[in-house]
$ cat work33.tsv   # TSV, C-alpha atoms
chain	number	residue	atom	x	y	z
C	1	MET	CA	0.00	0.00	0.00
C	2	ASN	CA	1.26	3.46	-0.90
C	3	SER	CA	2.45	5.41	2.16
C	4	LEU	CA	0.88	8.73	3.06
C	5	ARG	CA	4.24	10.39	2.48
C	6	ASN	CA	4.39	9.06	-1.08
C	7	MET	CA	0.76	9.97	-1.70
C	8	VAL	CA	1.43	13.59	-0.71
C	9	HIS	CA	4.60	13.69	-2.80
C	10	ASP	CA	2.95	12.14	-5.86
C	11	TYR	CA	-0.07	14.43	-5.63
C	12	LEU	CA	2.16	17.51	-5.44
C	13	LYS	CA	4.02	16.38	-8.56
C	14	GLU	CA	0.76	16.77	-10.46
C	15	ASN	CA	-0.52	19.78	-8.49
C	16	ASN	CA	2.54	21.78	-7.52
C	17	GLY	CA	2.09	24.71	-5.14
C	18	LEU	CA	-0.88	23.48	-3.09
C	19	ASN	CA	-1.04	24.51	0.56
C	20	ASP	CA	-1.45	22.06	3.44
C	21	GLU	CA	-5.22	22.49	3.69
C	22	GLU	CA	-5.74	21.96	-0.04
C	23	LEU	CA	-3.64	18.80	0.12
C	24	ALA	CA	-5.54	17.51	3.15
C	25	TYR	CA	-8.86	18.10	1.41
C	26	ALA	CA	-7.72	16.41	-1.81
C	27	LEU	CA	-6.50	13.38	0.16
C	28	ARG	CA	-9.27	13.49	2.76
C	29	GLN	CA	-10.06	9.79	2.35
C	30	TYR	CA	-6.61	8.93	3.65
C	31	VAL	CA	-5.50	11.92	5.77
C	32	PRO	CA	-6.77	12.41	9.34
C	33	SER	CA	-6.05	16.15	9.51
C	34	THR	CA	-4.25	19.12	8.02
C	35	GLN	CA	-1.64	18.77	10.75
C	36	ALA	CA	-0.66	15.33	9.43
C	37	VAL	CA	-0.08	16.84	5.98
C	38	SER	CA	1.92	19.71	7.49
C	39	LEU	CA	4.22	17.25	9.27
C	40	ILE	CA	4.77	15.28	6.07
C	41	CYS	CA	5.47	18.41	4.02
C	42	ARG	CA	7.96	19.70	6.58
C	43	GLN	CA	9.69	16.30	6.51
C	44	LEU	CA	9.80	16.39	2.70
C	45	GLU	CA	11.34	19.86	2.91
C	46	THR	CA	13.98	18.53	5.32
C	47	GLU	CA	14.74	15.79	2.79
C	48	GLY	CA	15.17	18.41	0.07
C	49	VAL	CA	12.23	17.06	-1.91
C	50	LEU	CA	10.09	20.19	-1.75
C	51	LYS	CA	10.20	23.81	-0.67
C	52	ARG	CA	7.55	25.45	1.51
C	53	ILE	CA	7.10	29.03	0.34
C	54	LYS	CA	5.30	31.88	2.10
C	55	ARG	CA	2.98	33.86	-0.15
C	56	VAL	CA	1.33	37.23	0.35
C	57	GLY	CA	-2.17	36.79	1.76
C	58	LYS	CA	-2.06	33.01	1.39
C	59	PRO	CA	-0.87	29.98	3.39
C	60	HIS	CA	2.47	28.33	2.59
C	61	GLY	CA	2.64	26.71	-0.84
C	62	ASN	CA	4.37	23.33	-1.20
C	63	TYR	CA	6.56	23.17	-4.32
C	64	VAL	CA	8.25	19.97	-5.44
C	65	ILE	CA	11.87	20.44	-6.52
C	66	THR	CA	12.35	18.36	-9.66
C	67	ASP	CA	15.51	17.10	-11.33
C	68	GLU	CA	14.72	19.20	-14.39
C	69	SER	CA	14.60	22.44	-12.46
C	70	GLN	CA	15.78	23.53	-9.06
C	71	LEU	CA	13.86	26.78	-9.42
C	72	VAL	CA	11.03	27.38	-6.99
C	73	PRO	CA	8.93	30.52	-6.41
C	74	VAL	CA	10.60	33.20	-4.34
C	75	ASP	CA	9.23	33.95	-0.89
C	76	VAL	CA	7.55	37.30	-1.49
C	77	SER	CA	5.87	37.56	1.89
C	78	PRO	CA	7.02	40.69	3.74
C	79	THR	CA	8.51	40.17	7.16
C	80	LEU	CA	6.30	41.53	9.90
C	81	ALA	CA	7.38	42.02	13.48
C	82	ILE	CA	4.35	40.54	15.22
C	83	THR	CA	4.23	41.32	18.92
C	84	LEU	CA	1.69	39.19	20.74
C	85	PRO	CA	-0.44	40.75	23.47
C	86	THR	CA	0.19	39.86	27.09
C	87	ASP	CA	-2.46	38.26	29.30
C	88	ASP	CA	-3.49	41.70	30.52
C	89	GLU	CA	-3.75	43.02	26.97
C	90	LEU	CA	-5.98	40.21	25.71
C	91	PRO	CA	-9.70	41.10	25.89
C	92	ASP	CA	-11.57	39.28	28.66
C	93	ILE	CA	-13.77	36.46	27.40
C	94	PRO	CA	-17.34	36.61	28.75
C	95	LYS	CA	-18.08	33.71	31.10
C	96	GLY	CA	-21.11	31.46	31.11
C	97	GLN	CA	-22.31	32.52	27.67
C	98	GLU	CA	-24.61	30.34	25.58
C	99	HIS	CA	-23.87	32.11	22.33
C	100	VAL	CA	-23.41	28.86	20.41
C	101	LYS	CA	-27.03	27.85	21.02
C	102	GLU	CA	-28.15	31.18	19.60
C	103	LEU	CA	-25.86	30.79	16.59
C	104	LEU	CA	-27.26	27.34	15.82
C	105	LYS	CA	-30.82	28.65	16.05
C	106	LEU	CA	-29.89	31.33	13.52
C	107	GLY	CA	-28.63	28.69	11.10
C	108	PHE	CA	-24.90	28.94	11.74
C	109	LYS	CA	-22.93	25.71	11.50
C	110	TRP	CA	-19.64	24.65	13.03
C	111	VAL	CA	-17.07	23.94	10.30
C	112	GLY	CA	-13.79	23.49	12.18
C	113	ASP	CA	-11.27	24.83	14.68
C	114	PHE	CA	-8.10	26.87	14.58
C	115	THR	CA	-5.02	25.01	15.81
C	116	LEU	CA	-1.38	25.99	16.20
C	117	THR	CA	1.37	24.46	14.05
C	118	ASP	CA	4.93	25.79	14.39
C	119	ASN	CA	3.51	28.85	16.18
C	120	THR	CA	1.31	29.55	13.15
C	121	PRO	CA	-2.51	29.34	13.26
C	122	THR	CA	-3.82	26.62	10.94
C	123	PHE	CA	-7.32	25.48	10.10
C	124	PHE	CA	-9.13	22.69	8.28
C	125	VAL	CA	-12.71	23.32	7.20
C	126	GLY	CA	-13.07	20.57	4.58
C	127	GLU	CA	-15.82	21.05	2.03
C	128	SER	CA	-16.73	24.44	3.52
C	129	ASN	CA	-13.46	25.93	2.27
C	130	ASP	CA	-14.94	27.33	-0.96
C	131	ILE	CA	-18.22	28.69	0.46
C	132	ASN	CA	-18.46	32.44	-0.13
C	133	ASP	CA	-20.81	35.25	0.92
C	134	ILE	CA	-20.68	34.32	4.58
C	135	LEU	CA	-20.94	35.57	8.11
C	136	LEU	CA	-17.91	34.25	9.98
C	137	VAL	CA	-18.00	33.84	13.75
C	138	LEU	CA	-15.15	32.75	16.03
C	139	THR	CA	-15.98	31.49	19.52
C	140	ILE	CA	-13.97	30.67	22.65
C	141	ASP	CA	-15.57	28.62	25.42
C	142	GLY	CA	-18.99	29.17	23.84
C	143	ALA	CA	-18.66	32.96	23.68
C	144	VAL	CA	-18.64	34.89	20.40
C	145	VAL	CA	-15.38	36.85	20.22
C	146	TYR	CA	-15.22	37.85	16.55
C	147	ILE	CA	-17.68	38.44	13.69
C	148	GLN	CA	-16.89	39.20	10.07
C	149	ASN	CA	-19.08	39.64	7.02
C	150	SER	CA	-17.13	38.43	3.99
C	151	PRO	CA	-18.03	38.06	0.30
C	152	ARG	CA	-14.89	35.95	-0.20
C	153	SER	CA	-14.56	32.20	0.28
C	154	LEU	CA	-14.18	30.87	3.81
C	155	GLY	CA	-10.69	29.56	3.06
C	156	GLN	CA	-9.52	32.94	1.75
C	157	THR	CA	-11.10	34.76	4.67
C	158	LEU	CA	-9.50	32.53	7.31
C	159	ALA	CA	-6.12	32.58	5.57
C	160	THR	CA	-6.14	36.39	5.51
C	161	ILE	CA	-6.92	36.58	9.23
C	162	SER	CA	-4.44	33.92	10.34
C	163	GLY	CA	-1.53	34.33	7.91
C	164	ASN	CA	1.99	35.43	8.75
C	165	SER	CA	1.51	38.70	6.85
C	166	PRO	CA	-2.01	39.94	7.66
C	167	PRO	CA	-3.15	43.27	6.20
C	168	ALA	CA	-2.96	46.22	8.57
C	169	HIS	CA	-6.66	46.23	9.46
C	170	LEU	CA	-6.50	42.56	10.54
C	171	GLN	CA	-3.21	42.54	12.43
C	172	ARG	CA	-4.86	43.04	15.82
C	173	TYR	CA	-7.16	40.04	15.31
C	174	ASN	CA	-4.20	38.01	14.09
C	175	THR	CA	-2.28	38.69	17.31
C	176	TYR	CA	-5.34	37.88	19.44
C	177	LEU	CA	-5.74	34.57	17.60
C	178	ARG	CA	-2.08	33.61	17.96
C	179	ALA	CA	-1.90	34.58	21.63
C	180	THR	CA	-5.10	32.68	22.42
C	181	LEU	CA	-3.92	29.51	20.68
C	182	GLN	CA	-0.51	29.70	22.35
C	183	ARG	CA	-2.31	29.66	25.68
C	184	GLY	CA	-3.89	26.33	24.75
C	185	ARG	CA	-7.42	27.62	24.23
C	186	HIS	CA	-9.73	26.38	21.47
C	187	VAL	CA	-11.02	28.77	18.82
C	188	GLN	CA	-14.02	27.36	16.96
C	189	ILE	CA	-15.20	28.47	13.52
C	190	TYR	CA	-18.89	28.96	12.67
C	191	ILE	CA	-20.38	30.28	9.44
C	192	LEU	CA	-23.73	31.31	8.02
C	193	LYS	CA	-24.01	31.11	4.24
C	194	ASP	CA	-26.04	33.84	2.55
C	195	PRO	CA	-28.97	31.95	0.99
C	196	GLY	CA	-29.36	34.39	-1.89
C	197	GLY	CA	-32.71	34.89	-3.54
C	198	LEU	CA	-33.77	37.71	-1.23
C	199	LYS	CA	-34.90	40.75	-3.19
C	200	TYR	CA	-36.54	44.12	-2.77
C	201	THR	CA	-38.27	44.81	-6.08
C	202	ASP	CA	-35.47	43.85	-8.51
C	203	PHE	CA	-32.59	44.45	-6.11
C	204	ARG	CA	-30.78	41.64	-4.35
C	205	ILE	CA	-30.67	41.83	-0.55
C	206	SER	CA	-27.74	40.35	1.35
C	207	LEU	CA	-28.95	38.56	4.47
C	208	CYS	CA	-25.41	38.44	5.87
C	209	SER	CA	-24.84	42.16	5.39
C	210	GLY	CA	-28.17	42.89	7.05
C	211	LEU	CA	-27.55	40.59	10.02
C	212	PHE	CA	-23.98	41.72	10.62
C	213	PRO	CA	-24.64	44.99	12.53
C	214	THR	CA	-27.50	43.36	14.45
C	215	LEU	CA	-25.29	40.48	15.60
C	216	MET	CA	-22.48	42.88	16.46
C	217	GLU	CA	-24.85	44.82	18.68
C	218	HIS	CA	-26.29	41.67	20.25
C	219	PHE	CA	-23.11	39.69	20.93
C	220	ARG	CA	-20.66	42.62	21.25
C	221	PRO	CA	-17.66	40.40	20.36
C	222	VAL	CA	-14.63	41.43	22.39
C	223	TRP	CA	-12.14	41.08	19.51
C	224	ASN	CA	-14.00	43.54	17.31
C	225	LYS	CA	-13.29	47.20	17.96
C	226	ASN	CA	-16.90	48.22	18.41
C	227	VAL	CA	-20.34	47.60	16.98
C	228	ASN	CA	-19.49	49.68	13.92
C	229	ASP	CA	-16.34	47.71	13.11
C	230	VAL	CA	-17.24	46.60	9.59
C	231	LEU	CA	-14.36	44.72	7.99
C	232	ALA	CA	-13.74	44.68	4.27
C	233	ALA	CA	-11.34	41.77	4.00
$ encode --input "work33.tsv" --output "structure tokens"
Amino acid sequence: MNSLRNMVHDYLKENNGLNDEELAYALRQYVPSTQAVSLICRQLETEGVLKRIKRVGKPHGNYVITDESQLVPVDVSPTLAITLPTDDELPDIPKGQEHVKELLKLGFKWVGDFTLTDNTPTFFVGESNDINDILLVLTIDGAVVYIQNSPRSLGQTLATISGNSPPAHLQRYNTYLRATLQRGRHVQIYILKDPGGLKYTDFRISLCSGLFPTLMEHFRPVWNKNVNDVLAA
């Protein structure tokens, strides 16, 4: 039987440049988690078989180094000096909240968790990766700590928040996420997909855009600046 290492290597030969999550999803029948793929890819890099390259606004890409060419894409990700908040600087998480029950009643669904790999936040959301036009909610211990309305795919949205080079308007959330994960706490990912089809006369109405300020006011997530903190990621 082909080993998981060889399966990852062979798949990358045909699909060079995939990130760990994309590989894990493609090989989901055989791979238990994104973390398993990450470990294999790092081992392959140690062996000189592939190169893991940082990319602007995206997770690491895994590029096989072939005999025909030793050229791989250049790491174009700018270096950011990320200073993580201290315990006192992290926002307090509300205790005893039952926010998740409310989210489920609204139609939100849990799609995965953030985890920490090599001090970098990683995620695996499976088939939900390509869902776009969403309301994204992050929770800790059942409390809503972050809400974002995003027209982009879930995978792109999460990668932008958690990457090593987040845009300026997301850097604070990135540091909160990293500091929380480093303290061993679980950050769960919930989404609500805009159903589409809602119209006023001939104009389309976005359910997610309409719900966003209402949910911000109701939950008052501690990672968001304030109830008017509308992110355009």
$ residues_around --input "work33.tsv" --residues "C:Val125" --least-positions-apart "3" --cutoff "7 Å" --atoms "all atoms listed in the file" --output "PyMOL selection string"
chain C and resi 111-112+128-129
$ closest_residue --input "work33.tsv" --among "C:Gln43, C:Asn132, C:Gln171, C:Thr139" --to "C:Leu154" --atoms "all atoms listed in the file"
C:Asn132
$ closest_residue --input "work33.tsv" --among "C:Glu22, C:Gly210, C:Glu47, C:Tyr173" --to "C:Val222" --atoms "only C-alpha atoms"
C:Tyr173
$ residues_around --input "work33.tsv" --residues "C:Leu136" --least-positions-apart "6" --cutoff "8 Å" --atoms "all atoms listed in the file" --output "PDB file with C-alpha atoms, in the frame of the given file"
ATOM      1  CA  TYR C 146     -15.220  37.850  16.550  1.00  0.00           C
ATOM      2  CA  ILE C 147     -17.680  38.440  13.690  1.00  0.00           C
ATOM      3  CA  GLN C 148     -16.890  39.200  10.070  1.00  0.00           C
ATOM      4  CA  ASN C 149     -19.080  39.640   7.020  1.00  0.00           C
ATOM      5  CA  SER C 150     -17.130  38.430   3.990  1.00  0.00           C
ATOM      6  CA  LEU C 154     -14.180  30.870   3.810  1.00  0.00           C
ATOM      7  CA  ILE C 189     -15.200  28.470  13.520  1.00  0.00           C
ATOM      8  CA  TYR C 190     -18.890  28.960  12.670  1.00  0.00           C
ATOM      9  CA  ILE C 191     -20.380  30.280   9.440  1.00  0.00           C
ATOM     10  CA  LEU C 192     -23.730  31.310   8.020  1.00  0.00           C
TER      11      LEU C 192
END
$ closest_residue --input "work33.tsv" --among "C:Glu102, C:Ile93, C:Ser206, C:Leu158" --to "C:Pro221" --atoms "only C-alpha atoms"
C:Ile93
